[in-house]
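Here the structure comes first, spelled out in structure tokens, and everything after it is commentary.
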Amino acid sequence: MAAYVVVDVTRTDPERAARYSAMSGPSVERHRGRFLARGGEIRVLEGDWEPERIVVIEFPSAEAAQGWFDSADYIEARSVREGAGTWRMIVVDGVDEATG
């Protein structure tokens, strides 16, 4: 079952964040992930959540997402982003099409 990494990003150092993005994109692809949203326009529909940047990444499974997160190449990318802002990240299972 597909799983989705959802990231709420607040950048404080855009240059460092850009270096991280340049490394994280290829890392996601190497680990069979694909970006569904990566910093597009945000429209608040309800509540007071006003994120600066949202990223949504699809992986074949939660295990694949965890494998990417724990991989050497992504650990290196995360070290580059240190001090670049705040990243809040979760993984959520998708809907099982057989059970809805």
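Here, A, B, ... name the chains of the structure tokens in the order displayed, residue numbers run from 1 inside each chain, and ligands are numbered from 1 in the same displayed order.
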
Residue contacts of region 9-15 of chain A (6 Å, only C-alpha atoms) excluding same-chain residues fewer than 6 positions away, as JSON, numbers by chain: {"A": [52, 53, 84, 85, 86, 87]}

Residues as selected, N, CA and C atoms, written as a short mmCIF file (atom, residue, chain, number, x, y, z; two decimals), in the first residue's frame, can you do that?
data_model
loop_
_atom_site.label_atom_id
_atom_site.label_comp_id
_atom_site.auth_asym_id
_atom_site.auth_seq_id
_atom_site.Cartn_x
_atom_site.Cartn_y
_atom_site.Cartn_z
N GLU A 52 4.38 27.72 5.51
CA GLU A 52 5.14 28.43 4.48
C GLU A 52 5.30 27.56 3.23
N ARG A 53 5.60 26.28 3.47
CA ARG A 53 5.89 25.36 2.36
C ARG A 53 5.46 23.96 2.77
N ALA A 84 18.84 25.53 8.64
CA ALA A 84 18.14 26.16 7.52
C ALA A 84 16.68 26.43 7.83
N GLY A 85 16.18 25.97 8.98
CA GLY A 85 14.79 26.18 9.32
C GLY A 85 14.25 25.00 10.10
N THR A 86 12.93 24.83 10.04
CA THR A 86 12.25 23.76 10.75
C THR A 86 11.52 22.88 9.75
N TRP A 87 11.75 21.59 9.86
CA TRP A 87 11.07 20.60 9.02
C TRP A 87 10.26 19.71 9.94
#

Applying 12 Å and only C-alpha atoms, which residues near Arg38 (chain A) remain after dropping the ones on its own chain fewer than 6 positions away? List them as a short mmCIF file (atom, residue, chain, number, x, y, z; two decimals) with N, CA and C atoms, in the first residue's frame.
data_model
loop_
_atom_site.label_atom_id
_atom_site.label_comp_id
_atom_site.auth_asym_id
_atom_site.auth_seq_id
_atom_site.Cartn_x
_atom_site.Cartn_y
_atom_site.Cartn_z
N VAL A 5 4.76 10.81 2.62
CA VAL A 5 5.51 11.65 3.54
C VAL A 5 4.99 13.07 3.34
N VAL A 6 4.55 13.68 4.43
CA VAL A 6 4.03 15.04 4.40
C VAL A 6 4.98 15.90 5.24
N VAL A 7 5.43 16.99 4.65
CA VAL A 7 6.44 17.82 5.30
C VAL A 7 5.93 19.26 5.37
N ASP A 8 6.02 19.84 6.54
CA ASP A 8 5.69 21.25 6.78
C ASP A 8 7.02 21.96 7.02
N VAL A 9 7.39 22.86 6.12
CA VAL A 9 8.71 23.49 6.16
C VAL A 9 8.59 24.98 6.44
N SER A 21 17.49 20.92 -0.83
CA SER A 21 16.53 20.51 -1.86
C SER A 21 17.22 19.87 -3.04
N SER A 24 18.04 16.40 -1.73
CA SER A 24 16.92 15.54 -1.31
C SER A 24 16.11 15.03 -2.49
N GLY A 25 15.96 15.84 -3.54
CA GLY A 25 15.19 15.40 -4.71
C GLY A 25 15.73 14.12 -5.32
N GLU A 52 4.38 27.72 5.51
CA GLU A 52 5.14 28.43 4.48
C GLU A 52 5.30 27.56 3.23
N ARG A 53 5.60 26.28 3.47
CA ARG A 53 5.89 25.36 2.36
C ARG A 53 5.46 23.96 2.77
N ILE A 54 4.77 23.27 1.87
CA ILE A 54 4.34 21.89 2.10
C ILE A 54 4.92 21.01 0.99
N VAL A 55 5.40 19.85 1.40
CA VAL A 55 5.92 18.86 0.46
C VAL A 55 5.17 17.55 0.72
N VAL A 56 4.74 16.89 -0.35
CA VAL A 56 4.09 15.58 -0.25
C VAL A 56 4.84 14.64 -1.19
N ILE A 57 5.30 13.52 -0.61
CA ILE A 57 6.07 12.54 -1.38
C ILE A 57 5.37 11.19 -1.27
N GLU A 58 5.15 10.54 -2.39
CA GLU A 58 4.55 9.21 -2.41
C GLU A 58 5.65 8.15 -2.48
#

Minimum-distance residue to Pro51 (chain A), chosen among A:Asp96, A:Arg88, A:Gly83, A:Leu36 (using only C-alpha atoms):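 Closest residue, counting only C-alpha atoms: A:Arg88.
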
Find the residue from A:Glu97, A:Glu50, A:Glu63, A:Asp73 that sits nearest to Ala22 (chain A); use only C-alpha atoms when measuring.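 The answer is A:Asp73, which sits nearest to Ala22 (chain A).
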
Q: Run DSSP on the backbone and grab whatever in chain A lands in alpha helix (DSSP H); send it over as number ranges by chain.
A: A: 14-30, 62-70, 72-81

task: Mind checking which residues fall within 7 Å of Val80 (chain A), counting only C-alpha atoms, ignoring those fewer than 3 positions away in the same chain, and posting them as an MDAnalysis selection string?
output: chainID A and resid 16 20 76:77

Export of prior selection with N, CA and C atoms as a compact mmCIF listing (two decimals), in the first residue's frame:
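part.txt, written as the output of this step:
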# COMPACT_ATOMS: atom_id res chain seq x y z
N ARG A 16 20.82 27.63 2.30
CA ARG A 16 21.07 26.29 2.83
C ARG A 16 19.90 25.36 2.48
N TYR A 20 19.93 21.78 0.36
CA TYR A 20 19.25 20.57 0.83
C TYR A 20 18.29 20.05 -0.25
N GLU A 76 22.81 12.47 4.78
CA GLU A 76 23.75 13.52 4.34
C GLU A 76 23.00 14.79 3.96
N ALA A 77 21.88 14.64 3.24
CA ALA A 77 21.08 15.82 2.86
C ALA A 77 20.56 16.53 4.11

Residues of chain A in strand (DSSP E or B), written as a PyMOL selection string: chain A and resi 3-11+34-38+53-59+85-93

I need the residues from that last selection saved to file as a PDB file, in the first residue's frame (with C-alpha atoms), if you can.
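To be explicit, this is the file written out as again-v9.pdb:
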ATOM      1  CA  ALA A   3       2.412   5.774   1.887  1.00  0.00           C
ATOM      2  CA  TYR A   4       2.880   9.524   1.873  1.00  0.00           C
ATOM      3  CA  VAL A   5       5.512  11.650   3.542  1.00  0.00           C
ATOM      4  CA  VAL A   6       4.028  15.043   4.398  1.00  0.00           C
ATOM      5  CA  VAL A   7       6.437  17.825   5.298  1.00  0.00           C
ATOM      6  CA  ASP A   8       5.690  21.250   6.783  1.00  0.00           C
ATOM      7  CA  VAL A   9       8.712  23.491   6.156  1.00  0.00           C
ATOM      8  CA  THR A  10       9.611  26.870   7.609  1.00  0.00           C
ATOM      9  CA  ARG A  11      12.850  28.117   6.067  1.00  0.00           C
ATOM     10  CA  ARG A  34       7.887  10.721  -6.235  1.00  0.00           C
ATOM     11  CA  PHE A  35       6.928  14.254  -5.374  1.00  0.00           C
ATOM     12  CA  LEU A  36       3.217  15.013  -5.524  1.00  0.00           C
ATOM     13  CA  ALA A  37       3.595  18.546  -4.154  1.00  0.00           C
ATOM     14  CA  ARG A  38       6.778  20.489  -3.574  1.00  0.00           C
ATOM     15  CA  ARG A  53       5.892  25.363   2.362  1.00  0.00           C
ATOM     16  CA  ILE A  54       4.340  21.890   2.099  1.00  0.00           C
ATOM     17  CA  VAL A  55       5.916  18.858   0.459  1.00  0.00           C
ATOM     18  CA  VAL A  56       4.093  15.584  -0.249  1.00  0.00           C
ATOM     19  CA  ILE A  57       6.071  12.537  -1.379  1.00  0.00           C
ATOM     20  CA  GLU A  58       4.547   9.209  -2.410  1.00  0.00           C
ATOM     21  CA  PHE A  59       6.408   5.960  -1.672  1.00  0.00           C
ATOM     22  CA  GLY A  85      14.787  26.176   9.324  1.00  0.00           C
ATOM     23  CA  THR A  86      12.246  23.757  10.751  1.00  0.00           C
ATOM     24  CA  TRP A  87      11.071  20.601   9.019  1.00  0.00           C
ATOM     25  CA  ARG A  88       8.071  18.746  10.474  1.00  0.00           C
ATOM     26  CA  MET A  89       7.694  15.384   8.757  1.00  0.00           C
ATOM     27  CA  ILE A  90       5.240  12.499   9.026  1.00  0.00           C
ATOM     28  CA  VAL A  91       4.486   9.374   7.030  1.00  0.00           C
ATOM     29  CA  VAL A  92       0.886   8.259   6.602  1.00  0.00           C
ATOM     30  CA  ASP A  93      -0.445   5.120   4.965  1.00  0.00           C
TER      31      ASP A  93
END

Nearby residues (only C-alpha atoms) at most 6 Å from Ala2 (chain A), same-chain spacing under 3 positions excluded, as a list in words: Phe59, Pro60, Ser61 and Gly94 of chain A

message: One decimal, in Å: what's the spacing between CA of Ala64 (chain A) and CA of Met1 (chain A)?
response: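 Spanning CA of Ala64 (chain A) to CA of Met1 (chain A) is a straight-line distance of 10.4 Å.
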
task: Go ahead and compute the interatomic distance for CA of Ala65 (chain A) and CA of Met23 (chain A), in Å to one decimal.
output: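 Going from CA of Ala65 (chain A) over to CA of Met23 (chain A), I get 16.4 Å.
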
**Message:** So the first atom is CA of Glu41 (chain A) and the second is CA of Glu29 (chain A); what is the distance between them in Å, to one decimal place?
**Reply:**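 A separation of 22.7 Å between them.
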